[in-house]
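File shown: protein32.txt. Contents: compact mmCIF, C-alpha atoms.
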# COMPACT_ATOMS: atom_id res chain seq x y z
CA MET W 1361 43.81 187.38 95.88
CA GLY W 1362 44.84 183.72 96.13
CA GLY W 1363 41.16 182.80 95.97
CA MET W 1364 40.67 184.86 92.84
CA CYS W 1365 43.62 183.11 91.25
CA MET W 1366 42.25 179.69 92.18
CA GLY W 1367 38.81 180.64 90.86
CA LEU W 1368 40.28 181.82 87.61
CA GLY W 1369 42.17 178.53 87.34
CA TYR W 1370 38.95 176.54 87.75
CA GLY W 1371 37.27 178.83 85.26
CA CYS W 1372 39.83 178.64 82.50
CA ARG W 1373 41.71 175.34 82.68
CA GLU W 1374 41.41 173.01 85.66
CA ALA W 1375 39.34 169.89 85.14
CA SER W 1376 39.59 166.26 86.16
CA LEU W 1377 39.47 164.16 83.02
CA TYR W 1378 38.61 160.47 82.80
CA ASP W 1379 38.70 157.91 80.02
CA SER W 1380 35.80 155.64 79.10
CA GLY W 1381 36.86 153.22 81.86
CA ALA W 1382 36.66 156.04 84.45
CA VAL W 1383 40.43 156.10 84.84
CA ARG W 1384 41.84 159.53 85.54
CA ILE W 1385 43.87 160.68 82.53
CA ASN W 1386 45.42 163.81 84.00
CA PRO W 1387 46.71 162.65 87.38
CA GLN W 1388 49.89 164.78 87.41
CA PHE W 1389 50.69 168.47 87.37
CA ARG W 1390 52.32 167.71 84.03
CA THR W 1391 48.85 167.19 82.58
CA TYR W 1392 46.58 168.93 85.12
CA HIS W 1393 47.36 172.56 84.46
CA LEU W 1394 47.30 175.14 87.22
CA MET W 1395 47.58 178.86 86.68
CA ARG W 1396 51.21 179.73 87.03
CA PHE W 1397 52.75 182.82 88.46
CA GLY W 1398 52.92 185.42 85.73
CA GLU W 1399 49.85 184.13 83.88
CA ASN W 1400 47.58 185.97 86.27
CA PRO W 1401 46.00 189.32 85.48
CA GLU W 1402 46.34 192.22 87.88
CA TYR W 1403 43.98 191.61 90.80
CA LEU W 1404 42.17 194.50 92.47
CA VAL W 1405 41.02 193.60 95.97
CA ASP W 1406 38.52 195.54 98.04
CA PHE W 1407 36.55 194.56 101.14
CA VAL W 1408 32.83 194.84 101.69
CA GLU W 1409 32.65 194.99 105.47
CA ASN W 1410 29.86 192.77 106.71
CA PRO W 1411 30.33 191.64 110.33
CA GLN W 1412 29.32 188.12 111.29
CA ILE W 1413 27.07 188.90 114.24
CA ASP W 1414 27.39 185.57 116.05
CA ALA W 1415 31.20 185.60 116.03
CA PRO W 1416 33.53 187.29 118.54
CA TYR W 1417 34.08 190.91 117.52
CA GLY W 1418 32.02 190.23 114.36
CA MET W 1419 34.94 188.41 112.82
CA ARG W 1420 34.34 186.53 109.59
CA GLY W 1421 36.58 184.01 107.90
CA ILE W 1422 37.26 185.14 104.38
CA GLY W 1423 39.58 182.41 103.18
CA GLU W 1424 38.80 181.32 99.64
CA HIS W 1425 35.63 183.43 99.31
CA GLY W 1426 37.44 184.99 96.40
CA ILE W 1427 37.12 181.74 94.46
CA ILE W 1428 33.38 181.68 94.17
CA GLY W 1429 32.61 184.50 91.81
CA MET W 1430 35.56 184.14 89.47
CA PRO W 1431 34.46 181.37 87.07
CA ALA W 1432 31.14 183.14 86.52
CA ALA W 1433 32.81 186.51 86.05
CA LEU W 1434 35.18 185.00 83.51
CA ALA W 1435 32.32 183.24 81.72
CA ASN W 1436 30.35 186.50 81.53
CA ALA W 1437 33.32 188.37 80.15
CA LEU W 1438 34.14 185.71 77.57
CA SER W 1439 30.49 185.30 76.58
CA ALA W 1440 30.29 189.02 75.88
CA ALA W 1441 33.57 188.98 73.94
CA ALA W 1442 32.82 185.84 71.92
CA GLY W 1443 29.15 186.62 71.32
CA VAL W 1444 28.07 183.16 72.43
CA ASP W 1445 26.71 181.88 75.76
CA LEU W 1446 29.45 180.11 77.66
CA ASP W 1447 27.93 178.40 80.68
CA PHE W 1448 30.46 175.71 81.49
CA THR W 1449 33.98 175.31 82.77
CA PRO W 1450 36.82 175.12 82.07
CA LEU W 1451 36.69 177.81 79.42
CA THR W 1452 39.84 176.94 77.51
CA PRO W 1453 40.57 178.71 74.24
CA GLU W 1454 39.56 175.51 72.43
CA ALA W 1455 36.26 175.33 74.34
CA VAL W 1456 35.41 178.91 73.36
CA TRP W 1457 36.36 178.15 69.76
CA GLN W 1458 34.17 175.02 69.73
CA ALA W 1459 31.23 176.90 71.25
CA LYS W 1460 31.52 179.68 68.70
CA ARG W 1461 31.84 177.21 65.87
CA GLY W 1462 28.76 175.36 67.10
CA LYS W 1463 26.83 178.62 66.90
CA GLN W 1464 28.03 179.36 63.40
CA GLN W 1465 27.10 175.95 62.02
CA MET K 163 62.68 159.68 93.94
CA ILE K 164 64.06 156.91 91.74
CA PRO K 165 62.78 153.68 93.31
CA PHE K 166 65.68 151.42 92.28
CA ASP K 167 69.48 151.40 92.38
CA PHE K 168 71.62 151.86 89.31
CA GLU K 169 75.31 152.15 88.54
CA TYR K 170 76.79 155.46 87.49
CA TYR K 171 79.80 155.97 85.20
CA LYS K 172 81.40 159.20 84.08
CA PRO K 173 83.93 158.52 81.32
CA SER K 174 86.25 161.29 80.15
CA SER K 175 86.37 160.52 76.45
CA ALA K 176 83.85 159.65 73.75
CA LYS K 177 85.68 156.47 72.85
CA GLU K 178 85.68 155.34 76.46
CA ALA K 179 81.95 156.08 76.75
CA VAL K 180 81.02 154.02 73.69
CA GLY K 181 83.33 151.18 74.76
CA LEU K 182 81.75 151.23 78.19
CA PHE K 183 78.27 151.14 76.67
CA HIS K 184 79.01 148.00 74.67
CA THR K 185 80.73 146.29 77.60
CA LEU K 186 77.83 147.03 79.94
CA ASP K 187 75.31 146.09 77.26
CA SER K 188 76.98 142.70 76.78
CA GLN K 189 76.68 142.20 80.55
CA ASP K 190 72.94 142.83 80.24
CA LYS K 191 73.16 146.01 82.28
CA SER K 192 70.86 148.07 80.01
CA PRO K 193 73.09 151.17 79.90
CA MET K 194 71.78 154.59 78.96
CA TYR K 195 73.71 157.73 78.14
CA TYR K 196 72.98 160.40 80.71
CA GLY K 197 73.03 164.12 79.89
CA GLY K 198 70.80 166.36 81.99
CA GLY K 199 68.83 163.37 83.26
CA THR K 200 65.41 165.03 83.19
CA GLU K 201 63.79 162.21 81.20
CA ILE K 202 65.67 159.41 82.93
CA ILE K 203 64.64 160.77 86.33
CA SER K 204 61.01 161.50 85.48
CA PHE K 205 60.44 158.23 83.60
CA SER K 206 62.23 156.19 86.27
CA ARG K 207 60.06 157.80 88.93
CA LEU K 208 56.98 156.61 87.04
CA TYR K 209 58.40 153.08 86.58
CA GLN K 210 58.55 153.63 82.81
CA LEU K 211 62.30 153.23 82.56
CA TYR K 212 64.71 150.91 84.42
CA PRO K 213 68.33 151.63 83.46
CA LYS K 214 70.66 149.40 85.45
CA THR K 215 73.56 151.67 84.50
CA VAL K 216 73.86 155.24 83.29
CA ILE K 217 76.86 156.71 81.48
CA ASP K 218 77.17 160.40 82.17
CA ILE K 219 78.48 162.21 79.07
CA LYS K 220 79.18 165.51 80.80
CA GLY K 221 82.85 164.55 81.35
CA ILE K 222 83.50 164.25 77.61
CA PRO K 223 85.28 167.41 76.36
CA GLU K 224 83.67 167.40 72.88
CA CYS K 225 80.21 167.39 74.47
CA ASN K 226 80.93 170.62 76.36
CA VAL K 227 81.98 172.82 73.44
CA LEU K 228 79.93 175.93 72.69
CA GLU K 229 81.80 178.25 70.35
CA PHE K 230 82.34 179.52 66.85
CA GLN K 231 85.26 177.86 65.10
CA GLU K 232 85.97 179.85 61.93
CA ASP K 233 82.71 179.81 59.94
CA ARG K 234 81.05 177.12 62.04
CA LEU K 235 79.15 177.04 65.28
CA ILE K 236 79.90 173.95 67.36
CA ILE K 237 77.49 172.96 70.10
CA GLY K 238 78.26 169.98 72.30
CA ALA K 239 75.54 167.51 73.20
CA ALA K 240 75.92 168.25 76.92
CA ILE K 241 75.38 172.00 76.52
CA THR K 242 72.17 172.97 78.30
CA LEU K 243 69.28 174.81 76.72
CA THR K 244 69.90 177.63 79.20
CA GLN K 245 73.53 177.95 78.06
CA ILE K 246 72.32 178.11 74.46
CA GLN K 247 69.83 180.82 75.36
CA GLU K 248 72.34 182.83 77.34
CA SER K 249 75.09 182.64 74.71
CA ASN K 250 72.50 183.36 72.01
CA TYR K 251 74.93 182.42 69.22
CA TYR K 252 72.01 181.12 67.20
CA PRO K 253 68.90 183.12 68.12
CA LEU K 254 66.42 180.73 66.52
CA LEU K 255 67.86 177.88 68.59
CA SER K 256 67.57 180.07 71.67
CA TRP K 257 63.89 180.56 70.82
CA CYS K 258 63.13 176.94 70.07
CA GLY K 259 65.11 175.57 73.01
CA GLY K 260 63.53 178.28 75.13
CA MET K 261 60.07 176.80 74.43
CA VAL K 262 60.95 173.62 76.26
CA ALA K 263 59.73 173.00 79.82
CA ASP K 264 60.58 175.81 82.28
CA HIS K 265 63.72 177.69 83.24
CA THR K 266 64.76 175.38 86.07
CA ILE K 267 64.43 172.33 83.84
CA ARG K 268 66.21 174.04 80.93
CA ASN K 269 69.17 174.48 83.26
CA LYS K 270 69.41 170.68 83.13
CA ILE K 271 68.09 169.67 79.70
CA THR K 272 70.92 169.35 77.21
CA LEU K 273 70.81 169.86 73.46
CA GLY K 274 71.74 166.22 72.88
CA GLY K 275 69.10 165.12 75.37
CA ASN K 276 66.41 167.18 73.69
CA ILE K 277 67.31 165.78 70.24
CA CYS K 278 67.33 162.18 71.49
CA ALA K 279 64.42 162.47 73.93
CA ARG K 280 61.29 160.32 73.96
CA ILE K 281 58.96 163.26 74.45
CA PRO K 282 57.12 164.07 71.19
CA TYR K 283 57.89 167.81 71.14
CA ARG K 284 61.71 168.25 71.26
CA GLU K 285 61.51 171.86 70.07
CA ALA K 286 65.27 172.47 69.90
CA VAL K 287 65.25 170.14 66.89
CA LEU K 288 63.10 172.61 64.96
CA ALA K 289 65.87 175.18 64.74
CA LEU K 290 68.30 172.47 63.62
CA LEU K 291 65.98 170.97 60.99
CA VAL K 292 65.68 174.30 59.15
CA SER K 293 69.41 175.01 59.23
CA SER K 294 71.09 172.12 57.31
CA CYS K 295 73.35 171.25 60.21
CA GLU K 296 75.58 168.27 60.79
CA VAL K 297 75.76 165.95 63.76
CA VAL K 298 78.92 164.32 65.06
CA ILE K 299 78.34 160.78 66.27
CA GLU K 300 80.72 158.46 68.10
CA GLY K 301 80.08 154.83 67.25
CA LYS K 302 81.75 151.47 67.52
CA ASP K 303 83.81 152.25 64.41
CA GLY K 304 84.92 155.72 65.47
CA THR K 305 83.65 159.24 64.92
CA ARG K 306 81.47 160.16 61.96
CA ARG K 307 79.69 163.28 60.70
CA GLU K 308 76.26 163.15 59.14
CA LEU K 309 73.79 165.68 57.83
CA LEU K 310 71.00 165.91 60.37
CA GLU K 311 68.34 165.65 57.67
CA LYS K 312 69.82 162.28 56.63
CA VAL K 313 69.72 160.78 60.11
CA PHE K 314 66.72 162.49 61.66
CA ASN K 315 63.43 160.94 60.69
CA GLN K 316 60.91 161.39 63.51
CA SER K 317 63.83 160.71 65.82
CA LEU K 318 67.61 160.58 65.52
CA ARG K 319 68.35 157.22 63.89
CA LEU K 320 71.33 155.89 65.78
CA GLU K 321 72.73 152.41 66.17
CA SER K 322 72.62 150.98 69.67
CA GLY K 323 75.54 152.46 71.60
CA ASP K 324 76.03 155.41 69.23
CA LEU K 325 76.59 158.66 71.06
CA LEU K 326 75.68 162.10 69.74
CA LEU K 327 78.66 164.34 70.49
CA GLN K 328 78.07 167.65 68.74
CA VAL K 329 75.95 169.66 66.39
CA ILE K 330 77.77 171.73 63.77
CA LEU K 331 76.11 174.65 62.02
CA ASN K 332 77.23 177.01 59.31
CA LYS K 333 77.67 180.45 60.80
CA SER K 334 75.74 181.89 57.85
CA CYS K 335 72.63 179.95 58.98
CA THR K 336 72.62 181.46 62.43
CA GLY K 337 71.75 185.00 61.35
CA LEU K 338 68.88 184.36 58.94
CA PRO K 339 65.52 186.10 59.45
CA PHE K 340 63.16 183.83 61.31
CA PHE K 341 59.75 183.58 62.90
CA SER K 342 59.09 181.16 65.71
CA ILE K 343 56.00 180.58 67.78
CA LYS K 344 54.54 178.26 70.38
CA ARG K 345 50.89 177.85 71.29
CA THR K 346 49.62 175.79 74.19
CA ALA K 347 46.12 174.77 75.23
CA ASN K 348 46.03 177.96 77.29
CA GLY K 349 47.17 180.32 74.58
CA LYS K 350 50.10 181.89 72.80
CA VAL K 351 53.52 181.85 74.38
CA LYS K 352 55.87 184.78 74.15
CA TYR K 353 59.66 184.65 74.20
CA PRO K 354 61.24 184.43 76.75
CA GLN K 355 58.63 181.84 77.57
CA ASP K 356 55.90 183.35 79.73
CA ARG K 357 53.56 180.36 79.71
CA ILE K 358 54.55 176.80 80.47
CA GLY K 359 52.98 173.75 78.90
CA TYR K 360 53.20 171.27 76.09
CA PRO K 361 52.63 172.80 72.67
CA LEU K 362 49.57 172.36 70.50
CA ILE K 363 52.03 173.63 67.98
CA SER K 364 55.57 174.92 68.04
CA ALA K 365 57.01 176.12 64.79
CA ALA K 366 60.19 177.57 63.35
CA PHE K 367 60.24 179.41 60.03
CA VAL K 368 63.41 180.67 58.37
CA LYS K 369 63.69 182.82 55.29
CA ARG K 370 66.48 181.54 53.11
CA ASP K 371 67.33 181.69 49.41
CA GLY K 372 64.10 183.54 48.71
CA GLY K 373 61.93 180.83 50.23
CA ILE K 374 60.68 179.81 53.64
CA ARG K 375 61.84 176.72 55.46
CA ALA K 376 59.53 175.43 58.15
CA ALA K 377 59.63 172.85 60.92
CA PHE K 378 56.83 171.90 63.30
CA SER K 379 56.31 170.05 66.52
CA GLY K 380 53.21 169.36 68.57
CA LEU K 381 51.22 168.89 65.38
CA CYS K 382 52.24 165.29 64.79
CA SER K 383 53.84 163.04 67.40
CA PHE K 384 57.35 164.05 66.29
CA PRO K 385 59.14 167.17 65.05
CA PHE K 386 59.42 167.37 61.29
CA ARG K 387 60.43 169.44 58.31
CA SER K 388 58.87 168.54 54.97
CA LEU K 389 60.23 169.66 51.60
CA ASP K 390 56.91 168.85 49.90
CA LEU K 391 55.14 171.07 52.40
CA GLU K 392 57.64 173.89 51.83
CA ASN K 393 57.23 173.68 48.05
CA VAL K 394 53.53 174.35 48.43
CA LEU K 395 54.08 176.95 51.14
CA ASN K 396 56.43 178.87 48.84
CA ASN K 397 54.32 178.57 45.70
CA GLN K 398 52.98 182.08 45.42
CA SER K 399 50.98 181.31 42.28
CA ILE K 400 48.48 179.41 44.44
CA PRO K 401 46.03 181.40 46.59
CA ILE K 402 46.91 181.13 50.26
CA GLY K 403 43.71 179.31 51.26
CA ASP K 404 44.38 176.60 48.67
CA ARG K 405 48.00 176.35 49.79
CA LEU K 406 46.84 175.68 53.33
CA ASP K 407 44.39 172.98 52.19
CA ARG K 408 47.16 171.27 50.23
CA ILE K 409 49.62 171.54 53.10
CA ILE K 410 47.21 169.78 55.46
CA LYS K 411 47.13 166.84 53.05
CA LEU K 412 50.94 166.73 52.93
CA LEU K 413 51.53 166.31 56.66
CA PRO K 414 53.75 163.30 57.38
CA ALA K 415 51.37 161.80 59.93
CA GLN K 416 47.97 162.26 61.50
CA ILE K 417 47.54 165.38 63.59
CA MET K 418 47.72 164.60 67.32
CA ASN K 419 44.52 164.37 69.30
CA ASP K 420 44.88 164.40 73.09
CA ILE K 421 43.76 166.13 76.26
CA ASP K 422 45.74 169.26 75.40
CA GLY K 423 43.95 169.78 72.12
CA SER K 424 41.71 168.00 69.64
CA ARG K 425 42.87 167.18 66.12
CA GLU K 426 40.57 169.79 64.56
CA TYR K 427 41.66 172.53 66.96
CA ARG K 428 45.31 171.75 66.29
CA GLU K 429 44.61 172.03 62.55
CA PHE K 430 42.94 175.40 63.12
CA ILE K 431 45.94 176.63 65.13
CA PHE K 432 48.34 175.25 62.52
CA ARG K 433 46.61 177.16 59.71
CA ASN K 434 46.73 180.38 61.71
CA THR K 435 50.38 179.82 62.53
CA ILE K 436 51.29 179.50 58.85
CA LEU K 437 49.32 182.65 58.02
CA GLU K 438 51.07 184.51 60.79
CA ALA K 439 54.50 183.32 59.61
CA LEU K 440 53.80 184.34 56.01
CA GLU K 441 52.66 187.72 57.20
CA LYS K 442 55.80 188.19 59.29
CA LEU K 443 58.32 186.85 56.79
CA GLU K 444 56.74 187.67 53.43
CA GLY K 445 54.90 190.78 54.46
CA VAL K 446 51.82 189.28 52.80
CA GLY K 447 49.59 191.29 55.11
CA ASN K 448 45.88 191.07 55.71
CA VAL K 449 45.89 187.35 55.09
CA CYS K 450 44.10 186.61 58.32
Structure rendered as structure tokens:
Amino acid sequence: MGGMCMGLGYGCREASLYDSGAVRINPQFRTYHLMRFGENPEYLVDFVENPQIDAPYGMRGIGEHGIIGMPAALANALSAAAGVDLDFTPLTPEAVWQAKRGKQQ
Amino acid sequence: MIPFDFEYYKPSSAKEAVGLFHTLDSQDKSPMYYGGGTEIISFSRLYQLYPKTVIDIKGIPECNVLEFQEDRLIIGAAITLTQIQESNYYPLLSWCGGMVADHTIRNKITLGGNICARIPYREAVLALLVSSCEVVIEGKDGTRRELLEKVFNQSLRLESGDLLLQVILNKSCTGLPFFSIKRTANGKVKYPQDRIGYPLISAAFVKRDGGIRAAFSGLCSFPFRSLDLENVLNNQSIPIGDRLDRIIKLLPAQIMNDIDGSREYREFIFRNTILEALEKLEGVGNVC
């Protein structure tokens, strides 16, 4: 669930921004926005059991696997909703607005 | 952590505080009045502020008043935004102050601090700008009362050493119908604030004397209310789309353009905010 939250954060807001001199312009949590508690949707977690055969007892580390699919899932959902292909991150409201406007023009 | 030492004073009267300020200033000790301290601490931590002395105003009785006195609401400068929200004597001020930072920080941020802050947003000011309130200021020559609209232009115009003691509102202003909204880069914010972040726009609209008064922050680099803008906003003989186009031209400064939101996106949000306010307060309906 933590991984899903992190993935959603990367998908919808987290980005390292630099000025023209390659100086980081959002070096603090004041300007680099994380998903906060309460902004998250309800997460539904289920496990696809797939033993790792070369590990003791078939154990598999699952930390952060939840991150990987989330940005793409969000992009698919927003692309369908906005009617425009969104194939980049972060998908902020402004980014979706710009993409839609680009299509209209 | 604050990476330097400073002296701390906590006077128990306004006169003493102002006297202390001028004495310390003449000794080149760069005094600052200290309310909640959130800006002094965060700026000092980033080496953007170096007060050699701070004068805590929380020991001054006038600064700690929060009550109705006959037909007036008196709010001391050291009253926190959380106290304002919890008392809820002036709901619009609860809303606007409630847009600032997060709950833990609002426990520290004072009304006086938010009015006099360096940060561009200062949302508590919005509720005050639309309510014709007065401010009580202690200066070298004693205590004076001024209309906020006369002394607030982008920021509160004070002489060096002047101390904001109180805000005084007419009780009749505190119950007017209002609409208030905040939008951040990540979307709309409900009240109580469910999403933290600097505003692309924060706005307060009040319906009064048949017209709408409006104040904005996040749009330009300071909070403002504009009578010219309101005249157009309230001119129902002009189609709404044309009103919006005219309003954009009447803004007191360029729309902000930063990593939270581009100038054009802020304008888009601003237009929608005005439409939403008209719909809520005028029942215009179907304007979006």
Name the residues in contact with range 249-255 of chain K at a cut-off of 8 Å, using only C-alpha atoms, excluding same-chain residues fewer than 3 positions from it; report them as a PyMOL selection string. chain K and resi 235+245-246+258-260+286+288-290+336-337+340+342+366
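Between Gln1458 in chain W and the candidates K:Pro414, K:Phe384, K:Gln210, K:Glu426, the tightest atom-to-atom separation, counting all atoms listed in the file, involves K:Glu426.
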Determine, counting only C-alpha atoms, which protein, DNA and RNA residues have an atom within 12 Å of an atom of Gly1426 in chain W; residues of the same chain fewer than 4 positions away are not included. Present the result as a ChimeraX atom specification. /W:1361-1368,1403-1407,1421-1422,1430-1433
Calculated over all atoms listed in the file, which of the candidates W:Tyr1417, W:Arg1373, W:Gly1429, W:Leu1434 has the smallest distance to Pro1401 in chain W?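 Going through W:Tyr1417, W:Arg1373, W:Gly1429, W:Leu1434 one by one, the smallest distance to Pro1401 in chain W is for W:Leu1434.
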Let me make sure I understand: among W:Gln1412, W:Ser1439, W:Gln1464, W:Gln1388, which one has the smallest atom-to-atom distance to chain K if we use all atoms listed in the file? W:Gln1388
Write out as an mmCIF file with C-alpha atoms, in the frame of the given file each polymer residue whose atoms come within 9 Å of range 203-209 of chain K, counting all atoms listed in the file; drop sequence neighbours fewer than 4 positions from it.
data_model
loop_
_atom_site.group_PDB
_atom_site.id
_atom_site.type_symbol
_atom_site.label_atom_id
_atom_site.label_comp_id
_atom_site.auth_asym_id
_atom_site.auth_seq_id
_atom_site.Cartn_x
_atom_site.Cartn_y
_atom_site.Cartn_z
ATOM 1 C CA MET K 163 62.680 159.680 93.940
ATOM 2 C CA ILE K 164 64.060 156.910 91.740
ATOM 3 C CA PRO K 165 62.780 153.680 93.310
ATOM 4 C CA PHE K 166 65.680 151.420 92.280
ATOM 5 C CA GLY K 199 68.830 163.370 83.260
ATOM 6 C CA PRO K 213 68.330 151.630 83.460
#
Just to confirm, what's the straight-line distance from CA of Leu309 in chain K to CA of Gly197 in chain K in Å (one decimal)?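 Here the two named atoms are 22.1 Å from each other.
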Name all residues at most 7 Å from Pro1450 in chain W (count only C-alpha atoms; drop same-chain ones fewer than 5 positions away) and give them as number ranges by chain. W: 1370-1375
Distance table requested - chain K against chain W, cut-off 10 Å, all atoms listed in the file: one row per qualifying residue with the closest atom pair and its distance in Å to one decimal, ordered by chain and rising residue number, as a Markdown table.
| residue | atom | partner | partner_atom | distance |
| --- | --- | --- | --- | --- |
| K:Thr346 | CA | W:Pro1453 | CA | 9.5 |
| K:Ala347 | CA | W:Pro1453 | CA | 6.9 |
| K:Asn348 | CA | W:Thr1452 | CA | 6.3 |
| K:Gly349 | CA | W:Pro1453 | CA | 6.8 |
| K:Asp356 | CA | W:Gly1398 | CA | 7.0 |
| K:Arg357 | CA | W:Glu1399 | CA | 6.7 |
| K:Ile358 | CA | W:Arg1396 | CA | 7.9 |
| K:Gly359 | CA | W:Arg1390 | CA | 8.0 |
| K:Tyr360 | CA | W:Arg1390 | CA | 8.7 |
| K:Ile421 | CA | W:Thr1391 | CA | 8.2 |
| K:Asp422 | CA | W:Thr1391 | CA | 8.1 |
| K:Gly423 | CA | W:Glu1454 | CA | 7.2 |
| K:Ser424 | CA | W:Glu1454 | CA | 8.3 |
| K:Glu426 | CA | W:Gln1458 | CA | 9.7 |
| K:Tyr427 | CA | W:Glu1454 | CA | 6.6 |
| K:Arg428 | CA | W:Glu1454 | CA | 9.2 |
| K:Phe430 | CA | W:Trp1457 | CA | 9.7 |
| K:Ile431 | CA | W:Glu1454 | CA | 9.8 |
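Picture a line from CA of Pro173 in chain K to CA of Ile217 in chain K; it runs 7.3 Å.
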Figure out the distance between CA of Gly238 in chain K and CA of Leu389 in chain K, please, to one decimal in Å.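 Straight-line distance from CA of Leu389 in chain K to CA of Gly238 in chain K works out to 27.5 Å.
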Can you tell me which residues surround Arg375 in chain K at a distance of at most 12 Å, considering all atoms listed in the file, apart from same-chain residues fewer than 5 positions away, and format the answer as a VMD selection string? chain K and resid 288 to 294 335 338 to 342 365 to 370 386 to 396 436 439 to 440 443
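Within a radius of 10 Å around (79.4, 150.7, 80.5), the polymer residues are Glu169, Tyr170, Tyr171, Lys172, Pro173, Glu178, Ala179, Val180, Gly181, Leu182, Phe183, His184, Thr185, Leu186, Asp187, Ser188, Gln189, Lys191, Ser192, Pro193, Met194, Tyr195, Thr215, Val216, Ile217 and Gly323 of chain K, counting all atoms listed in the file.
For the choices K:Glu201, K:Asp303, K:Asp324, K:Glu296, the atom-to-atom distance to Ala263 in chain K is smallest for K:Glu201 when using all atoms listed in the file.
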Proximity to Ile237 in chain K - best of K:Lys350, K:Arg433, K:Lys344, K:Lys333, only C-alpha atoms: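 Among the listed residues, K:Lys333 lies closest to Ile237 in chain K.
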